[in-house]
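Engineer: Below you will find the structure I want to go over with you.
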Amino acid sequence: MIVVHELAHLKESDHNKAFYRLCELMQPGYHQIEFDLRLYLTRRDLIKTSSV
Ligand SMILES: [Zn+2]
């Protein structure tokens with residue numbers, strides 16, 4: 001998913017509609033995967049900051 005994200009940046013530098021359309025083209029269900037990853041990262045960051 002990160003590879004797809006980076007590949008899409010070769011064509012689109014911004015996170016705009018065309019960018020996400022490219023991501024979806026290369027990896028169907030990209031939106032859901034990125035959403036899940038963001039959720040995971042957010043939760044991990046919360047755990048990290050709360051343990052300090
Ligand atoms: Zn990006």
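Residues are named by chain letter and number: chains run A, B, ... in the order of the structure tokens, numbers start at 1 in each chain, and ligands are numbered from 1 in the order shown.
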Ligand 1: which residues are within 7 Å, counting only C-alpha atoms and all ligand atoms? Reply as a list of chain:residue names.
Structural biologist: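 Sorted by chain and then by number, the residues are A:His5, A:Glu6, A:His9, A:His15.
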Engineer: Set the distance at 7 Å and use only C-alpha atoms: which residues neighbour Ala8 (chain A) once local chain neighbours fewer than 5 positions away are removed? I'd like the list as a ChimeraX atom specification.
Structural biologist: /A:19,22-23
Engineer: For the residues selected in the previous step, produce a file with C-alpha atoms as a PDB file, in the first residue's frame.
Structural biologist:
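Everything below was put into result-v4.pdb:
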```pdb
ATOM      1  CA  PHE A  19      -3.990  11.025  -6.667  1.00  0.00           C
ATOM      2  CA  LEU A  22      -4.509   6.524  -9.245  1.00  0.00           C
ATOM      3  CA  CYS A  23      -4.116   4.638  -5.980  1.00  0.00           C
TER       4      CYS A  23
END
```
Engineer: Give the answer as one residue: which of A:Leu7, A:Asp45, A:Ala18, A:Met1 has the shortest atom-to-atom distance to His31 (chain A), using only C-alpha atoms?
Structural biologist: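 Of A:Leu7, A:Asp45, A:Ala18, A:Met1, the one nearest His31 (chain A) is A:Met1, counting only C-alpha atoms.
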Engineer: So what do you get for CA of Ile33 (chain A) versus CA of Thr49 (chain A), distance-wise?
Structural biologist: 24.3 Å
Engineer: Which of region 12-47 of chain A counts as helix (DSSP H, G or I) under DSSP, as a VMD selection string please?
Structural biologist: chain A and resid 17 to 26 30 to 47
Engineer: Selected residues, N, CA and C atoms, written as a short mmCIF file (atom, residue, chain, number, x, y, z; two decimals), in the first residue's frame, please.
Structural biologist:
```cif
data_model
loop_
_atom_site.label_atom_id
_atom_site.label_comp_id
_atom_site.auth_asym_id
_atom_site.auth_seq_id
_atom_site.Cartn_x
_atom_site.Cartn_y
_atom_site.Cartn_z
N LYS A 17 -7.84 14.42 -5.65
CA LYS A 17 -8.74 13.38 -6.16
C LYS A 17 -8.05 12.51 -7.19
N ALA A 18 -7.26 13.14 -8.07
CA ALA A 18 -6.55 12.39 -9.10
C ALA A 18 -5.56 11.42 -8.48
N PHE A 19 -4.95 11.86 -7.38
CA PHE A 19 -3.99 11.02 -6.67
C PHE A 19 -4.66 9.75 -6.14
N TYR A 20 -5.79 9.92 -5.48
CA TYR A 20 -6.47 8.76 -4.90
C TYR A 20 -7.11 7.89 -5.98
N ARG A 21 -7.46 8.51 -7.11
CA ARG A 21 -8.00 7.72 -8.23
C ARG A 21 -6.89 6.80 -8.75
N LEU A 22 -5.66 7.32 -8.82
CA LEU A 22 -4.51 6.52 -9.25
C LEU A 22 -4.26 5.36 -8.28
N CYS A 23 -4.33 5.67 -7.00
CA CYS A 23 -4.12 4.64 -5.98
C CYS A 23 -5.15 3.54 -6.12
N GLU A 24 -6.40 3.92 -6.30
CA GLU A 24 -7.48 2.94 -6.43
C GLU A 24 -7.29 2.10 -7.69
N LEU A 25 -6.73 2.72 -8.72
CA LEU A 25 -6.50 2.03 -9.99
C LEU A 25 -5.45 0.93 -9.80
N MET A 26 -4.40 1.26 -9.06
CA MET A 26 -3.30 0.31 -8.85
C MET A 26 -3.66 -0.72 -7.80
N TYR A 30 -7.96 0.65 -2.00
CA TYR A 30 -6.85 1.43 -1.40
C TYR A 30 -7.34 2.30 -0.24
N HIS A 31 -8.47 2.95 -0.45
CA HIS A 31 -8.99 3.84 0.58
C HIS A 31 -9.14 3.13 1.92
N GLN A 32 -9.72 1.92 1.87
CA GLN A 32 -9.95 1.17 3.10
C GLN A 32 -8.63 0.78 3.75
N ILE A 33 -7.65 0.38 2.92
CA ILE A 33 -6.35 -0.04 3.45
C ILE A 33 -5.66 1.14 4.12
N GLU A 34 -5.69 2.31 3.46
CA GLU A 34 -5.03 3.47 4.04
C GLU A 34 -5.75 3.90 5.33
N PHE A 35 -7.06 3.80 5.32
CA PHE A 35 -7.84 4.15 6.51
C PHE A 35 -7.44 3.25 7.68
N ASP A 36 -7.34 1.95 7.42
CA ASP A 36 -6.95 0.99 8.46
C ASP A 36 -5.56 1.29 8.97
N LEU A 37 -4.64 1.59 8.06
CA LEU A 37 -3.25 1.86 8.45
C LEU A 37 -3.19 3.10 9.33
N ARG A 38 -3.95 4.12 8.93
CA ARG A 38 -3.95 5.37 9.69
C ARG A 38 -4.49 5.13 11.10
N LEU A 39 -5.51 4.30 11.18
CA LEU A 39 -6.09 3.96 12.46
C LEU A 39 -5.06 3.27 13.34
N TYR A 40 -4.33 2.33 12.73
CA TYR A 40 -3.31 1.58 13.44
C TYR A 40 -2.20 2.51 13.92
N LEU A 41 -1.74 3.39 13.03
CA LEU A 41 -0.66 4.30 13.39
C LEU A 41 -1.09 5.26 14.48
N THR A 42 -2.33 5.75 14.38
CA THR A 42 -2.84 6.68 15.39
C THR A 42 -2.90 6.01 16.74
N ARG A 43 -3.38 4.76 16.75
CA ARG A 43 -3.49 4.03 18.00
C ARG A 43 -2.11 3.77 18.59
N ARG A 44 -1.16 3.42 17.70
CA ARG A 44 0.20 3.15 18.16
C ARG A 44 0.82 4.41 18.77
N ASP A 45 0.59 5.56 18.12
CA ASP A 45 1.12 6.82 18.63
C ASP A 45 0.51 7.16 19.98
N LEU A 46 -0.78 6.87 20.13
CA LEU A 46 -1.45 7.15 21.39
C LEU A 46 -0.84 6.33 22.51
N ILE A 47 -0.59 5.06 22.21
CA ILE A 47 0.00 4.16 23.20
C ILE A 47 1.40 4.65 23.57
#
```
